[in-house]
Structures are given as C-alpha cells and as structure tokens.
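K.L.:
As input, take query-v2.csv (CSV, C-alpha atoms and all ligand atoms):
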```csv
chain,number,residue,atom,x,y,z
A,1,MET,CA,-1.4,7.6,13.2
A,2,LEU,CA,1.7,5.9,11.8
A,3,ASN,CA,5.1,6.7,13.2
A,4,ILE,CA,8.2,5.0,12.0
A,5,LYS,CA,11.4,5.8,13.8
A,6,ASN,CA,14.9,4.8,12.7
A,7,LEU,CA,13.6,1.5,11.2
A,8,LYS,CA,16.2,-1.0,10.1
A,9,ALA,CA,15.1,-4.2,8.5
A,10,ASN,CA,16.7,-7.3,7.1
A,11,VAL,CA,15.4,-9.6,4.3
A,12,ASP,CA,17.0,-13.0,4.5
A,13,GLY,CA,19.7,-11.6,6.8
A,14,LYS,CA,20.6,-8.7,4.5
A,15,GLU,CA,20.0,-5.2,5.7
A,16,ILE,CA,17.7,-3.4,3.3
A,17,LEU,CA,16.1,-0.6,5.4
A,18,LYS,CA,18.8,1.4,7.0
A,19,GLY,CA,17.2,3.9,9.4
A,20,LEU,CA,13.9,5.0,8.0
A,21,ASN,CA,11.7,7.7,9.5
A,22,ILE,CA,8.2,8.7,8.5
A,23,ASP,CA,5.3,10.2,10.3
A,24,VAL,CA,1.8,9.9,8.9
A,25,LYS,CA,-1.1,11.8,10.3
A,26,PRO,CA,-4.8,11.2,9.7
A,27,GLY,CA,-6.0,12.8,6.5
A,28,GLU,CA,-2.6,12.8,4.9
A,29,VAL,CA,-1.5,11.3,1.6
A,30,HIS,CA,2.2,10.4,1.4
A,31,ALA,CA,3.9,9.3,-1.8
A,32,ILE,CA,7.1,7.2,-1.5
A,33,MET,CA,9.1,7.2,-4.7
A,34,GLY,CA,12.5,5.8,-5.4
A,35,PRO,CA,14.6,3.7,-7.7
A,36,ASN,CA,14.2,0.0,-8.1
A,37,GLY,CA,15.6,-2.0,-5.3
A,38,SER,CA,15.6,1.0,-2.8
A,39,GLY,CA,13.5,-0.9,-0.3
A,40,LYS,CA,10.0,0.3,-1.1
A,41,SER,CA,8.3,-3.1,-1.1
A,42,THR,CA,10.5,-4.2,1.8
A,43,LEU,CA,8.9,-1.3,3.8
A,44,SER,CA,5.4,-2.5,2.9
A,45,ASN,CA,6.2,-6.1,3.7
A,46,VAL,CA,7.6,-5.1,7.1
A,47,LEU,CA,4.5,-3.1,7.8
A,48,ALA,CA,2.4,-6.2,6.7
A,49,GLY,CA,4.4,-8.4,9.0
A,50,ARG,CA,5.4,-10.8,6.4
A,51,ASP,CA,7.8,-13.8,7.1
A,52,LYS,CA,11.4,-13.2,6.2
A,53,TYR,CA,11.2,-9.5,6.7
A,54,GLU,CA,12.7,-8.8,10.1
A,55,ALA,CA,12.9,-5.4,11.8
A,56,THR,CA,16.2,-5.3,13.6
A,57,ALA,CA,16.1,-1.7,15.0
A,58,GLY,CA,13.7,1.2,15.5
A,59,THR,CA,10.0,1.4,16.2
A,60,ILE,CA,6.7,1.5,14.3
A,61,THR,CA,3.6,2.7,16.2
A,62,PHE,CA,0.2,2.7,14.7
A,63,GLY,CA,-2.6,4.5,16.6
A,64,GLY,CA,-0.3,4.4,19.6
A,65,LYS,CA,0.2,0.7,19.5
A,66,ASP,CA,3.5,-1.2,18.9
A,67,LEU,CA,2.8,-2.5,15.4
A,68,LEU,CA,5.8,-4.8,15.3
A,69,ALA,CA,4.4,-6.7,18.3
A,70,LEU,CA,1.1,-7.4,16.5
A,71,GLU,CA,0.4,-10.4,14.3
A,72,PRO,CA,-0.4,-9.6,10.6
A,73,GLU,CA,-4.1,-10.3,11.1
A,74,ASP,CA,-4.3,-8.0,14.1
A,75,ARG,CA,-2.6,-5.3,12.0
A,76,ALA,CA,-5.4,-5.6,9.5
A,77,ARG,CA,-8.0,-5.5,12.3
A,78,GLU,CA,-6.4,-2.3,13.6
A,79,GLY,CA,-7.2,-0.8,10.2
A,80,ILE,CA,-4.1,-1.3,8.0
A,81,PHE,CA,-4.7,-2.3,4.4
A,82,LEU,CA,-1.9,-3.2,2.0
A,83,ALA,CA,-2.3,-3.5,-1.7
A,84,PHE,CA,0.7,-5.6,-2.8
A,85,GLN,CA,2.9,-5.0,-5.8
A,86,TYR,CA,2.1,-8.5,-6.9
A,87,PRO,CA,-1.3,-9.5,-5.6
A,88,VAL,CA,-1.5,-13.2,-4.7
A,89,GLU,CA,-4.0,-15.6,-6.3
A,90,ILE,CA,-6.1,-17.6,-3.8
A,91,PRO,CA,-7.7,-20.4,-6.0
A,92,GLY,CA,-10.6,-22.0,-4.3
A,93,VAL,CA,-11.6,-19.0,-2.3
A,94,SER,CA,-14.0,-16.8,-4.1
A,95,ASN,CA,-13.7,-13.0,-4.0
A,96,LEU,CA,-17.1,-12.9,-2.3
A,97,GLU,CA,-16.2,-15.4,0.5
A,98,PHE,CA,-12.9,-13.6,1.0
A,99,LEU,CA,-14.5,-10.2,1.3
A,100,LYS,CA,-17.3,-11.4,3.5
A,101,THR,CA,-15.0,-13.1,6.0
A,102,SER,CA,-12.6,-10.1,6.0
A,103,LEU,CA,-15.5,-7.6,6.6
A,104,GLU,CA,-17.1,-9.8,9.3
A,105,CYS,CA,-13.8,-10.0,11.2
A,106,LEU,CA,-13.3,-6.2,10.9
A,107,HIS,CA,-16.8,-5.4,12.0
A,108,ALA,CA,-16.7,-7.8,14.9
A,109,TYR,CA,-13.4,-6.3,16.1
A,110,GLN,CA,-14.7,-2.8,15.7
A,111,ASN,CA,-18.0,-3.6,17.3
A,112,LYS,CA,-19.9,-2.6,14.2
A,113,PRO,CA,-23.2,-4.3,13.3
A,114,LEU,CA,-22.7,-7.2,10.8
A,115,LEU,CA,-24.3,-6.8,7.4
A,116,SER,CA,-27.1,-9.1,6.3
A,117,ALA,CA,-26.3,-11.3,3.2
A,118,VAL,CA,-28.4,-9.0,1.1
A,119,GLU,CA,-26.8,-5.8,2.3
A,120,PHE,CA,-23.4,-7.3,1.8
A,121,LEU,CA,-24.1,-8.4,-1.7
A,122,LYS,CA,-25.5,-5.0,-2.6
A,123,LEU,CA,-22.4,-3.3,-1.2
A,124,ALA,CA,-20.0,-5.7,-3.1
A,125,ARG,CA,-21.9,-5.0,-6.3
A,126,GLU,CA,-21.7,-1.3,-5.8
A,127,LYS,CA,-18.0,-1.4,-5.3
A,128,CYS,CA,-17.4,-3.6,-8.3
A,129,LYS,CA,-19.1,-1.0,-10.4
A,130,LEU,CA,-16.9,1.7,-9.0
A,131,VAL,CA,-13.8,-0.1,-10.1
A,132,ASP,CA,-15.3,-1.2,-13.4
A,133,LEU,CA,-15.2,-5.0,-12.6
A,134,HIS,CA,-18.1,-7.1,-13.7
A,135,THR,CA,-20.0,-8.6,-10.8
A,136,ASP,CA,-19.1,-12.1,-12.2
A,137,PHE,CA,-15.6,-11.4,-10.7
A,138,LEU,CA,-17.2,-11.8,-7.2
A,139,LYS,CA,-17.7,-15.5,-7.8
A,140,ARG,CA,-14.2,-16.2,-9.1
A,141,GLY,CA,-11.3,-17.3,-7.0
A,142,VAL,CA,-9.4,-14.3,-5.5
A,143,ASN,CA,-7.3,-12.9,-8.4
A,144,GLU,CA,-7.4,-16.3,-10.0
A,145,GLY,CA,-6.5,-15.9,-13.7
A,146,PHE,CA,-7.1,-12.1,-13.4
A,147,SER,CA,-5.1,-9.9,-15.8
A,148,GLY,CA,-2.6,-7.5,-14.2
A,149,GLY,CA,-5.1,-4.6,-14.5
A,150,GLU,CA,-7.9,-6.7,-13.0
A,151,LYS,CA,-5.8,-7.7,-10.0
A,152,LYS,CA,-5.0,-4.0,-9.3
A,153,ARG,CA,-8.6,-3.0,-9.7
A,154,ASN,CA,-9.6,-5.9,-7.4
A,155,GLU,CA,-7.2,-4.5,-4.7
A,156,ILE,CA,-9.0,-1.2,-4.9
A,157,MET,CA,-12.3,-3.0,-4.7
A,158,GLN,CA,-11.1,-4.7,-1.5
A,159,MET,CA,-10.0,-1.3,-0.1
A,160,LEU,CA,-13.3,0.3,-0.9
A,161,MET,CA,-15.1,-2.6,0.9
A,162,LEU,CA,-12.9,-2.6,4.0
A,163,GLU,CA,-12.6,1.2,4.5
A,164,PRO,CA,-9.2,0.9,6.3
A,165,LYS,CA,-7.7,3.7,8.4
A,166,LEU,CA,-4.3,3.4,6.7
A,167,CYS,CA,-4.1,2.3,3.1
A,168,LEU,CA,-0.7,1.4,1.7
A,169,LEU,CA,-0.6,0.9,-2.1
A,170,ASP,CA,2.6,-0.6,-3.5
A,171,GLU,CA,2.9,0.3,-7.1
A,172,THR,CA,-0.8,-0.3,-7.7
A,173,ASP,CA,-0.4,2.0,-10.6
A,174,SER,CA,2.4,0.1,-12.3
A,175,GLY,CA,1.7,-1.3,-15.7
A,176,LEU,CA,-1.9,0.1,-15.9
A,177,ASP,CA,-3.5,1.6,-18.9
A,178,ILE,CA,-4.9,5.1,-18.4
A,179,ASP,CA,-8.5,3.9,-17.7
A,180,ALA,CA,-7.4,1.5,-15.0
A,181,LEU,CA,-5.1,4.2,-13.6
A,182,LYS,CA,-8.0,6.5,-13.3
A,183,VAL,CA,-10.0,3.7,-11.5
A,184,VAL,CA,-7.2,3.4,-9.0
A,185,ALA,CA,-7.0,7.2,-8.5
A,186,ASP,CA,-10.8,7.5,-8.2
A,187,GLY,CA,-10.8,4.7,-5.6
A,188,ILE,CA,-8.2,6.6,-3.6
A,189,ASN,CA,-9.9,9.9,-3.9
A,190,THR,CA,-13.3,8.5,-3.0
A,191,LEU,CA,-11.8,7.2,0.3
A,192,ARG,CA,-9.8,10.2,1.1
A,193,SER,CA,-11.0,11.7,4.3
A,194,PRO,CA,-9.8,13.6,7.4
A,195,ASP,CA,-9.5,10.4,9.5
A,196,ARG,CA,-7.9,8.2,6.9
A,197,ALA,CA,-4.3,8.2,5.6
A,198,PHE,CA,-2.6,6.8,2.5
A,199,ILE,CA,0.9,5.8,1.6
A,200,LEU,CA,1.3,5.5,-2.1
A,201,ILE,CA,4.4,3.7,-3.2
A,202,THR,CA,5.0,4.6,-6.8
A,203,HIS,CA,7.6,4.7,-9.5
A,204,TYR,CA,6.0,7.3,-11.6
A,205,GLN,CA,4.6,10.8,-11.3
A,206,ARG,CA,1.6,9.7,-13.4
A,207,LEU,CA,-0.6,8.6,-10.5
A,208,LEU,CA,0.1,11.8,-8.7
A,209,ASP,CA,-1.4,13.7,-11.6
A,210,TYR,CA,-4.8,12.3,-10.3
A,211,VAL,CA,-4.1,12.0,-6.6
A,212,GLN,CA,-2.4,15.1,-5.1
A,213,PRO,CA,-0.1,14.0,-2.3
A,214,ASP,CA,0.6,16.1,0.7
A,215,PHE,CA,4.1,14.8,1.0
A,216,VAL,CA,6.5,13.1,-1.4
A,217,HIS,CA,9.5,11.2,0.0
A,218,VAL,CA,12.4,9.7,-1.9
A,219,LEU,CA,13.7,6.3,-0.7
A,220,SER,CA,17.2,5.5,-1.7
A,221,ASP,CA,19.3,2.6,-0.4
A,222,GLY,CA,16.9,2.0,2.6
A,223,GLN,CA,16.7,5.6,3.8
A,224,ILE,CA,14.5,8.6,3.0
A,225,VAL,CA,16.9,10.9,1.3
A,226,LYS,CA,14.6,13.8,0.5
A,227,SER,CA,11.0,14.9,1.4
A,228,GLY,CA,8.9,17.7,0.0
A,229,GLY,CA,5.5,18.6,-1.4
A,230,SER,CA,3.9,17.4,-4.6
A,231,GLU,CA,6.3,19.6,-6.6
A,232,LEU,CA,9.1,17.1,-5.7
A,233,ALA,CA,7.4,14.4,-7.8
A,234,LEU,CA,7.5,16.7,-10.8
A,235,GLU,CA,11.1,17.4,-10.2
A,236,LEU,CA,11.9,13.7,-10.0
A,237,GLU,CA,10.0,13.1,-13.2
A,238,ASP,CA,12.2,15.7,-14.8
A,239,LYS,CA,15.6,14.9,-13.2
A,240,GLY,CA,15.3,11.2,-12.3
A,241,TYR,CA,16.7,9.8,-9.0
A,242,SER,CA,20.5,9.7,-9.6
A,243,TRP,CA,21.1,13.2,-8.2
A,244,LEU,CA,19.7,12.1,-4.9
A,245,GLU,CA,21.3,8.7,-4.5
A,246,SER,CA,23.9,8.4,-1.7
A,247,GLY,CA,27.4,8.4,-3.0
A,248,THR,CA,26.6,10.4,-6.1
A,249,GLU,CA,29.0,13.2,-5.1
A,250,GLN,CA,31.9,10.9,-4.9
A,251,SER,CA,31.3,9.1,-8.1
A,252,ALA,CA,30.4,12.2,-10.2
A,301,LIG,P1,11.7,-1.8,-4.4
A,301,LIG,O1,10.4,-2.2,-4.0
A,301,LIG,O2,12.1,-0.4,-4.0
A,301,LIG,O3,12.0,-2.0,-5.8
A,301,LIG,P2,12.5,-4.0,-2.7
A,301,LIG,O4,12.1,-3.7,-1.4
A,301,LIG,O5,11.6,-5.0,-3.5
A,301,LIG,O6,12.8,-2.7,-3.6
A,301,LIG,O7,14.0,-4.7,-2.7
A,301,LIG,C1,15.0,-4.1,-2.0
A,301,LIG,C2,16.2,-5.0,-2.0
A,301,LIG,O8,15.9,-6.2,-1.2
A,301,LIG,C3,16.6,-5.6,-3.4
A,301,LIG,O9,18.0,-5.6,-3.4
A,301,LIG,C4,15.9,-7.0,-3.3
A,301,LIG,O10,16.7,-7.9,-4.1
A,301,LIG,C5,16.0,-7.4,-1.9
A,301,LIG,N1,15.0,-8.3,-1.5
A,301,LIG,C6,13.7,-8.0,-1.4
A,301,LIG,N2,12.9,-9.1,-1.1
A,301,LIG,C7,13.8,-10.1,-1.0
A,301,LIG,C8,13.7,-11.5,-0.6
A,301,LIG,N3,12.5,-12.0,-0.3
A,301,LIG,N4,14.8,-12.2,-0.6
A,301,LIG,C9,16.0,-11.7,-0.9
A,301,LIG,N5,16.2,-10.3,-1.2
A,301,LIG,C10,15.1,-9.6,-1.2
A,302,MG,MG,10.6,-2.6,-7.6
A,303,MG,MG,8.7,-2.8,-5.1
```
Mind turning this structure into structure tokens?

P.N.:
Amino acid sequence: MLNIKNLKANVDGKEILKGLNIDVKPGEVHAIMGPNGSGKSTLSNVLAGRDKYEATAGTITFGGKDLLALEPEDRAREGIFLAFQYPVEIPGVSNLEFLKTSLECLHAYQNKPLLSAVEFLKLAREKCKLVDLHTDFLKRGVNEGFSGGEKKRNEIMQMLMLEPKLCLLDETDSGLDIDALKVVADGINTLRSPDRAFILITHYQRLLDYVQPDFVHVLSDGQIVKSGGSELALELEDKGYSWLESGTEQSA
C-alpha cells in the first residue's frame, strides 16, 4: 500500500530525513516512536505534501502511484488521511461544511453515490457521538476555539467520516486525558480493517495499550534504527530511547 524507500527530506534546506524505509501493507498498524526532533512530524508533513518539506532522494509509492508527484489534495483523494500534531483552526468554515465538501470530493473521485443532506447530517451526528463531541460542534468553525482534547477528537471524527485507506496520526494521543485517549483508540479500532492501514506516530506506549500495533519502528535522527513487534514499545517505555540513538556507543 505505502512503500517508502531511502527517503531523504529537507526542511528549509536542512536535511532531516536521512534515508528512511518503511513498507505498509493493507490491514497493518505501524507505530513510529522516537525522541523529540527525530523527524516524525517531518515524515508526516512530507507525506502530506506540505510546503517547505522537500524530498531530495528516494521514493514514496502509494497504491502503486508515485506519491511525491501528486498534489496534496490528490493524495487525500487517493485515500490518505493525516491527523496533524497541531490541528489547524479554520475560522469561518464550519465543521459541517468542511466535512461535506471533503466527503463530496472523495465520493465523486471514488465514483460513490453522493449522500443526501439528511443522510449526511445523520452520519455526522453518529460520528460525533462516537467521539463524544456534542453535535453543536458541527456548526462551529473547524477547530476554532476547541480545547486540545476537542481538536484531537475532531480529527478522529473526520477520520471516521472520510474512511481513508491510510490513516496517519501524528501524536494524536499527546496531552490527552484517559477518556479522550480511549476515544482516539476506539476510533482507530473501529476503522481497523483488512483493507485499511494505520501509521501511529506516538511518543508514548500508552496509546498502544489500547491499539495493538503489528509493527513498532524507532525513528532516530531521520532514520529507522530499530523495528519490532508490539513488545518493542514496552521495551522503549522501560529503557527510553538513548540506547538506540546513533553515536551512543562512542559517547558512552
Ligand atoms: P519530531 O516530530 O520527531 O519531534 P520534527 O519532524 O518535528 O520531529 O522535527 C525534526 C527536526 O526538524 C527538528 O530539528 C526541527 O527543529 C526541524 N524542523 C521541523 N520543521 C521545521 C521547520 N518548519 N523549519 C525549520 N526546522 C524544522
Ligand atoms: Mg515532537
Ligand atoms: Mg512531531
């Protein structure tokens, strides 16, 4: 589904990703962990096709297509969804308008029948309930004045509405209380299916208590330095990251 080979990427001219490889198949859940500044958000921004994040070497294919050649909106149409570490506020555009436009674009692209206004509203209300957001949130500007936890739950709400093929969540669990964390985990587990994959970027083992990953990767200084199963996350919780960081042998 997603194949990243020897990816190098610059942010503002500085090399942050230094040869990253990852292969994600349908149905799989991959966790990417790693210390602050290791390049986790850079990876999600490169996948999103954000300005300033420039791939300088390597390849990314998604469903057989050259992802780097696609515009950000086409990546979304292909079924990639990203929940950002810091969700943006879009004052003046209501959650409802935002979701309706996004869903209509997706369905048109995928040749799916469009929902009627009534069906759409029913669906949106259902999903609000699942993430424990009052339906009043649908009328508010996207993330406008939302608390940290509400923003993260809203990201999951969008994900549930759009039913992407690949969901990438960048620290969606950070700073959440236990109830919100469970909402995020439930959202992921609800969507988990043999034809959908997840990349969960997370700092902590906590989320992985509720969502069992198939693979755990450690990103350090722009490269995957270790991969394993879910037990690796527990080991990291116990030992931290320093034993894996490049150059540790020399400085020890
Ligand atoms: P992580 O998400 O793993 O904490 P990031 O990908 O956010 O790491 O950051 C990796 C490195 O890239 C850091 O040194 C950070 O300062 C730098 N970086 C990220 N985004 C930018 C930017 N827009 N401008 C300059 N430097 C950036
Ligand atoms: Mg960080
Ligand atoms: Mg980050």

K.L.:
What does the list of residues within 6 Å of ligand LIG 301 (chain A) look like if you count all atoms listed in the file, written as a CSV table (one decimal) with C-alpha atoms, keeping the file's coordinate frame?

P.N.:
```
chain,number,residue,atom,x,y,z
A,11,VAL,CA,15.4,-9.6,4.3
A,12,ASP,CA,17.0,-13.0,4.5
A,16,ILE,CA,17.7,-3.4,3.3
A,36,ASN,CA,14.2,0.0,-8.1
A,37,GLY,CA,15.6,-2.0,-5.3
A,38,SER,CA,15.6,1.0,-2.8
A,39,GLY,CA,13.5,-0.9,-0.3
A,40,LYS,CA,10.0,0.3,-1.1
A,41,SER,CA,8.3,-3.1,-1.1
A,42,THR,CA,10.5,-4.2,1.8
```

K.L.:
Given the choices A:Val93, A:Ala124, A:Leu82, A:Ser220, which gets closest to Glu155 of chain A if the distance is worked out from only C-alpha atoms?

P.N.:
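The answer is A:Leu82, which sits nearest to Glu155 of chain A.
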
K.L.:
Find the residues around Tyr109 of chain A up to 12 Å (only C-alpha atoms counted), leave out those fewer than 2 positions away in its own chain, and share them as an NGL selection string.

P.N.:
:A and (73-79 or 102-107 or 111-114)

K.L.:
Looking at A:Asn45, A:Val211, A:Leu181, A:Ser193, which one is nearest to ligand MG 303 (chain A), with distances taken over only C-alpha atoms and all ligand atoms?

P.N.:
A:Asn45

K.L.:
So, counting only C-alpha atoms and all ligand atoms, which residue among A:Ala185, A:Leu200, A:Leu99, A:Ile4 is closest to ligand MG 303 (chain A)?

P.N.:
A:Leu200

K.L.:
Quick one: which segment 38-115 of chain A residues come within 12 Å of segment 18-26 of chain A, and what is the nearest atom pair for each with the distance in Å to one decimal, counting only C-alpha atoms, rows ordered by chain and ascending number, as a Markdown table?

P.N.:
```
| residue | atom | partner | partner_atom | distance |
| --- | --- | --- | --- | --- |
| A:Ser38 | CA | A:Lys18 | CA | 10.3 |
| A:Gly39 | CA | A:Lys18 | CA | 9.3 |
| A:Lys40 | CA | A:Leu20 | CA | 11.0 |
| A:Thr42 | CA | A:Lys18 | CA | 11.3 |
| A:Leu43 | CA | A:Leu20 | CA | 9.1 |
| A:Val46 | CA | A:Leu20 | CA | 11.9 |
| A:Ala55 | CA | A:Lys18 | CA | 10.2 |
| A:Thr56 | CA | A:Lys18 | CA | 9.8 |
| A:Ala57 | CA | A:Gly19 | CA | 8.0 |
| A:Gly58 | CA | A:Gly19 | CA | 7.5 |
| A:Thr59 | CA | A:Asn21 | CA | 9.4 |
| A:Ile60 | CA | A:Asn21 | CA | 9.3 |
| A:Thr61 | CA | A:Asp23 | CA | 9.7 |
| A:Phe62 | CA | A:Val24 | CA | 9.4 |
| A:Gly63 | CA | A:Lys25 | CA | 9.8 |
| A:Gly64 | CA | A:Lys25 | CA | 11.9 |
```

K.L.:
Counting all atoms listed in the file, find the residues whose atoms lie at most 9 Å from (13.2, -12.8, 5.9) (file coordinates) and write them out as a PDB file with C-alpha atoms, in the coordinates of the input.

P.N.:
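Okay, this is what ended up in point-v3.pdb:
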```pdb
ATOM      1  CA  ASN A  10      16.700  -7.300   7.100  1.00  0.00           C
ATOM      2  CA  VAL A  11      15.400  -9.600   4.300  1.00  0.00           C
ATOM      3  CA  ASP A  12      17.000 -13.000   4.500  1.00  0.00           C
ATOM      4  CA  GLY A  13      19.700 -11.600   6.800  1.00  0.00           C
ATOM      5  CA  LYS A  14      20.600  -8.700   4.500  1.00  0.00           C
ATOM      6  CA  ARG A  50       5.400 -10.800   6.400  1.00  0.00           C
ATOM      7  CA  ASP A  51       7.800 -13.800   7.100  1.00  0.00           C
ATOM      8  CA  LYS A  52      11.400 -13.200   6.200  1.00  0.00           C
ATOM      9  CA  TYR A  53      11.200  -9.500   6.700  1.00  0.00           C
ATOM     10  CA  GLU A  54      12.700  -8.800  10.100  1.00  0.00           C
TER      11      GLU A  54
END
```

K.L.:
In Å, with one decimal, what is the gap from atom CA of Ile80 of chain A to atom CA of Leu121 of chain A?

P.N.:
23.3 Å

K.L.:
Can you tell me how far atom CA of Thr172 of chain A sits from atom CA of Gln212 of chain A, in Å to one decimal?

P.N.:
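So the two atoms, atom CA of Thr172 of chain A and atom CA of Gln212 of chain A, lie 15.7 Å apart.
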
K.L.:
What's the separation between atom CA of Glu119 of chain A and atom CA of Lys100 of chain A, in Å to one decimal place?

P.N.:
11.1 Å

K.L.:
Taking (19.2, 9.7, 3.2) in the coordinates of the supplied file, I want to know which residues reach to within 9 Å of it, counting only C-alpha atoms; could you give the answer as JSON, numbers by chain?

P.N.:
{"A": [19, 20, 218, 219, 220, 221, 222, 223, 224, 225, 226, 244, 245, 246]}

K.L.:
Could you pull the residues within 8 Å of segment 228-232 of chain A, counting only C-alpha atoms, minus those fewer than 3 positions along the same chain, as an MDAnalysis selection string?

P.N.:
chainID A and resid 208 212:217 235:236

K.L.:
Could you tell me which of A:Asp136, A:Asp66, A:Asp209, A:Glu28 comes closest to Leu191 of chain A if we count all atoms listed in the file?

P.N.:
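For Leu191 of chain A, the nearest of the given residues is A:Glu28.
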
K.L.:
If you count all atoms listed in the file, which residues fall within 10 Å of Ser44 of chain A, apart from same-chain ones fewer than 6 positions away, as a ChimeraX atom specification?

P.N.:
/A:50,53,82-85,168-170,199,201
